[in-house]
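Beneath this line is the structure, given in structure tokens, with notes to follow.
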Amino acid sequence: MTVNKWTAAEVARKVIDNEELFILDVRNHDAFEDWKIEGHKFEYLNIPYFELLDGVEEILPKLPPDKEVLVVCAKEGSSVMVAEMLSEAGREVAYLEGGMKSWSSYLEPIKVSDLENGGELYQFVRLGKGCLSYMVISEGEAAIIDAVRFTDVFTNFAKEKGVEIKHVFDTHLHADHISGGRHIAANTGATYYLPPKDATEVVFDYTPLTEGLNVKIGASQIDVNALYSPGHTIGSTSFVIDNQFLLTGDILFIDSIGRPDLAGLAEDWVGDLRETLYSRYRELAEDLVVLPAHFMIIDELNEDGTVARRLGDLFKENHGLNIEDEAEFRRTVTDNLPPQPNAYEQIRQVNMGKITPNNDEQTEMEIGPNRCAVR
């Protein structure tokens, strides 16, 4: 039988299109339990590679004969060997090119909406890491918000659309992924914005992102309005785009809220977090569509693959927005936190410009699921 090779892009389409897939994950059990490829209709079998060295005969009855089977490992090599063994046993299988390393890196651009006067808003979904980046396009110009480190994805997309990147924003100093924002700005001549309260230790030049800042994108005059919204970090800033969309950074997610502890100041920042979620956001129009910088679980994806929800709906349904007792809220976001992101302290140092790891080192820093949220 033939062994097929699938790219992360092909797997991403199966996630977004809500297709069935059976995954044989040959990583160790702890790695699989911590982080895997998620899909609404995916099924899984986790058998560590070392248990298959003597053959795959025992697992053949566990593999469905009527579904596509994808073998996955950390970097590709082990999955290729297992796929070849299954092929020799008469099964048609595929392996994931680049393994979970490639899955962590892949970005899928999805159109969120048309904007007034011909503009467009795109969400770049990093399914393997839960990161969400954005590009606003209007009249030949573009602005990017919360870009991840794969800068070519954004610059190539801008070229395809025939637009010039004029503005690049980070809603805050990220701790769970390495930002590509200032590098995109340096390569394109765009202006790079960062909240000054998050930038006290950065070693590069930037333009302060402050409350009330109004940046126009293109001739259609799409407003990108900045709204100070501390809590995840002391400088966290949200955006209201075209009076339709609220980009919340890592303050508010679809199914959770931001965590306040990634700079070691949870007790100090929990009050800011509550003020943002229960006061500042409550003053906004409930018809605004929330577009966060991350998601945690596959259930947060809409049918078209976007991660977006009306603010008024989140006020009703998001548990983190419905904890009336302040003491209980404090306990929720300080005492019951999930594990912190992998290498988050080093990632902060990278995003400050203090260290410059190579590409392989950056990949290792980012490996693993999104851990920016409290559920």
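So you can find residues: chains in the structure tokens are A, B, ... in the order shown, residues in each start at 1, and ligands are numbered from 1 in order.
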
- Test item: residues at most 7 Å from stretch 275-291 of chain A, only C-alpha atoms, excluding those fewer than 5 positions along its chain, as a VMD selection string: chain A and resid 229 to 230 244 to 248 307 to 312 321

Given only C-alpha atoms, how would the per-residue table for stretch 100-141 of chain A near stretch 292-298 of chain A read, listing every residue at most 10 Å away with its closest atom pair and distance in Å to one decimal, sorted by chain and number, as CSV?
residue,atom,partner,partner_atom,distance
A:Gln123,CA,A:Ala293,CA,9.7
A:Phe124,CA,A:Ala293,CA,9.9
A:Val125,CA,A:His294,CA,8.8
A:Arg126,CA,A:His294,CA,8.8
A:Leu127,CA,A:Ile298,CA,8.6
A:Lys129,CA,A:His294,CA,8.4
A:Gly130,CA,A:Phe295,CA,4.9
A:Cys131,CA,A:His294,CA,4.5
A:Leu132,CA,A:Ala293,CA,4.7
A:Ser133,CA,A:Ala293,CA,6.3
A:Tyr134,CA,A:Ala293,CA,8.6

Using N, CA, C and O atoms, can you export the residues from the last selection as a compact mmCIF listing (two decimals), in the first residue's frame?
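Result file part20.txt:
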# COMPACT_ATOMS: atom_id res chain seq x y z
N GLN A 123 -8.51 36.79 10.03
CA GLN A 123 -7.99 36.16 11.24
C GLN A 123 -7.04 35.04 10.81
O GLN A 123 -7.39 34.21 9.97
N PHE A 124 -5.84 35.04 11.38
CA PHE A 124 -4.85 33.99 11.10
C PHE A 124 -4.88 33.02 12.27
O PHE A 124 -4.47 33.36 13.38
N VAL A 125 -5.38 31.81 12.02
CA VAL A 125 -5.63 30.84 13.08
C VAL A 125 -4.45 29.85 13.15
O VAL A 125 -4.18 29.13 12.20
N ARG A 126 -3.78 29.86 14.27
CA ARG A 126 -2.68 28.91 14.50
C ARG A 126 -3.25 27.76 15.33
O ARG A 126 -3.19 27.75 16.56
N LEU A 127 -3.80 26.77 14.64
CA LEU A 127 -4.55 25.71 15.28
C LEU A 127 -3.73 24.93 16.30
O LEU A 127 -4.25 24.49 17.32
N LYS A 129 -1.35 25.90 18.22
CA LYS A 129 -0.89 26.65 19.38
C LYS A 129 -1.99 27.49 20.00
O LYS A 129 -1.84 28.01 21.09
N GLY A 130 -3.10 27.62 19.29
CA GLY A 130 -4.19 28.43 19.81
C GLY A 130 -3.99 29.92 19.67
O GLY A 130 -4.71 30.70 20.30
N CYS A 131 -3.03 30.34 18.84
CA CYS A 131 -2.78 31.77 18.64
C CYS A 131 -3.67 32.32 17.52
O CYS A 131 -3.92 31.64 16.53
N LEU A 132 -4.09 33.57 17.67
CA LEU A 132 -4.91 34.25 16.68
C LEU A 132 -4.31 35.61 16.37
O LEU A 132 -4.11 36.42 17.29
N SER A 133 -4.02 35.85 15.11
CA SER A 133 -3.49 37.13 14.65
C SER A 133 -4.48 37.74 13.67
O SER A 133 -5.37 37.04 13.15
N TYR A 134 -4.31 39.03 13.38
CA TYR A 134 -5.29 39.73 12.55
C TYR A 134 -4.63 40.65 11.54
O TYR A 134 -3.56 41.21 11.79

For atom CA of A:Lys216 and atom CA of A:Leu107, determine how far apart the two atoms are, in Å to one decimal place.
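The value is 26.3 Å.
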
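For the atom pair formed by atom CA of A:Thr171 and atom CA of A:Val153, the distance is 19.4 Å, given to one decimal.
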
Can you pull out the residues contacting A:Lys36? Cut-off 12 Å, using only C-alpha atoms, and skip same-chain residues under 4 positions away; I want them as number ranges by chain. A: 23-32, 42-46, 72-74, 99-101, 103-104, 127-130, 297-298, 367-370

> Excluding same-chain residues fewer than 2 positions from stretch 51-55 of chain A, what lies within 9 Å of it counting only C-alpha atoms, as a PyMOL selection string?
Replying inline: chain A and resi 26+47-49+57-59+82+85-86

With C-alpha atoms retained, write the just-selected residues as a compact mmCIF listing (two decimals), in the first residue's frame.
# COMPACT_ATOMS: atom_id res chain seq x y z
CA VAL A 26 3.09 7.58 18.51
CA ILE A 47 0.64 4.04 21.25
CA PRO A 48 4.24 5.16 21.94
CA TYR A 49 6.63 4.37 19.11
CA GLU A 57 0.14 -6.48 14.22
CA GLU A 58 -1.43 -6.02 17.66
CA ILE A 59 -2.81 -2.57 16.86
CA VAL A 82 5.25 3.34 11.74
CA MET A 85 5.07 -0.77 8.81
CA LEU A 86 1.31 -0.32 8.58

From the DSSP assignment of the backbone, select every residue of stretch 315-355 of chain A that is helix (DSSP H, G or I), and format the answer as JSON, numbers by chain.
{"A": [315, 316, 317, 319, 320, 321, 326, 327, 328, 329, 330, 331, 332, 333, 334, 335, 344, 345, 346, 347, 348, 349, 350, 351, 352]}

field: Polymer residues at most 12 Å from A:Ile234, only C-alpha atoms, same-chain spacing of 3 or more positions, as a PyMOL selection string
entry: chain A and resi 171-174+195-200+228-231+237+250-251+259-266+268-273+276

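The gap separating atom CA of A:Leu60 from atom CA of A:Met81 is 15.3 Å, in Å to one decimal.
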
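With only C-alpha atoms taken into account, the protein and nucleic acid residues at most 7 Å from A:Ala8 (excluding it and anything under 6 positions from it in its own chain) are A:Leu96, A:Ser102, A:Trp103, A:Tyr106.
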
Go ahead and write the residues just picked, all heavy atoms, as a PDB file, in the first residue's frame.
ATOM      1  N   LEU A  96       2.147  12.801   9.133  1.00  0.00           N
ATOM      2  CA  LEU A  96       2.163  14.259   9.131  1.00  0.00           C
ATOM      3  C   LEU A  96       3.579  14.755   8.874  1.00  0.00           C
ATOM      4  O   LEU A  96       4.489  14.514   9.665  1.00  0.00           O
ATOM      5  CB  LEU A  96       1.649  14.807  10.465  1.00  0.00           C
ATOM      6  CG  LEU A  96       1.721  16.329  10.639  1.00  0.00           C
ATOM      7  CD1 LEU A  96       0.897  17.043   9.574  1.00  0.00           C
ATOM      8  CD2 LEU A  96       1.263  16.734  12.037  1.00  0.00           C
ATOM      9  N   SER A 102       5.633  20.893  12.972  1.00  0.00           N
ATOM     10  CA  SER A 102       5.018  21.641  11.880  1.00  0.00           C
ATOM     11  C   SER A 102       3.591  22.047  12.233  1.00  0.00           C
ATOM     12  O   SER A 102       3.123  23.122  11.826  1.00  0.00           O
ATOM     13  CB  SER A 102       5.024  20.820  10.588  1.00  0.00           C
ATOM     14  OG  SER A 102       4.144  19.712  10.669  1.00  0.00           O
ATOM     15  N   TRP A 103       2.876  21.209  12.970  1.00  0.00           N
ATOM     16  CA  TRP A 103       1.513  21.538  13.372  1.00  0.00           C
ATOM     17  C   TRP A 103       1.504  22.795  14.254  1.00  0.00           C
ATOM     18  O   TRP A 103       0.628  23.655  14.132  1.00  0.00           O
ATOM     19  CB  TRP A 103       0.882  20.371  14.104  1.00  0.00           C
ATOM     20  CG  TRP A 103      -0.537  20.608  14.529  1.00  0.00           C
ATOM     21  CD1 TRP A 103      -1.022  20.663  15.802  1.00  0.00           C
ATOM     22  CD2 TRP A 103      -1.667  20.829  13.670  1.00  0.00           C
ATOM     23  NE1 TRP A 103      -2.373  20.901  15.797  1.00  0.00           N
ATOM     24  CE2 TRP A 103      -2.796  21.009  14.491  1.00  0.00           C
ATOM     25  CE3 TRP A 103      -1.829  20.883  12.284  1.00  0.00           C
ATOM     26  CZ2 TRP A 103      -4.059  21.250  13.984  1.00  0.00           C
ATOM     27  CZ3 TRP A 103      -3.090  21.127  11.767  1.00  0.00           C
ATOM     28  CH2 TRP A 103      -4.188  21.301  12.615  1.00  0.00           C
ATOM     29  N   TYR A 106       1.843  26.080  11.909  1.00  0.00           N
ATOM     30  CA  TYR A 106       1.004  26.404  10.753  1.00  0.00           C
ATOM     31  C   TYR A 106      -0.049  27.464  11.082  1.00  0.00           C
ATOM     32  O   TYR A 106      -0.696  27.436  12.127  1.00  0.00           O
ATOM     33  CB  TYR A 106       0.297  25.147  10.230  1.00  0.00           C
ATOM     34  CG  TYR A 106      -0.571  25.469   9.045  1.00  0.00           C
ATOM     35  CD1 TYR A 106      -0.003  25.812   7.820  1.00  0.00           C
ATOM     36  CD2 TYR A 106      -1.953  25.493   9.163  1.00  0.00           C
ATOM     37  CE1 TYR A 106      -0.807  26.157   6.738  1.00  0.00           C
ATOM     38  CE2 TYR A 106      -2.761  25.829   8.091  1.00  0.00           C
ATOM     39  CZ  TYR A 106      -2.179  26.167   6.883  1.00  0.00           C
ATOM     40  OH  TYR A 106      -2.964  26.524   5.824  1.00  0.00           O
TER      41      TYR A 106
END

A:Ala373, A:Val202, A:Leu227, A:Ile254: which is nearest A:Thr306, counting only C-alpha atoms?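 Nearest candidate to A:Thr306 out of A:Ala373, A:Val202, A:Leu227, A:Ile254: A:Ile254.
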
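Residues in contact range of A:Lys161, defined as at most 10 Å between only C-alpha atoms, with sequence neighbours fewer than 2 positions away removed, read Ile137, Gly140, Glu141, Ala142, Thr155, Asn156, Phe157, Ala158, Lys159, Val163 and Glu164 of chain A.
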
query: Of the candidates A:Phe150, A:Pro109, A:Ala175, A:Ala185, which one gets nearest to A:Thr233 if we count only C-alpha atoms?
result: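 Of all the options, A:Ala175 lies closest to A:Thr233.
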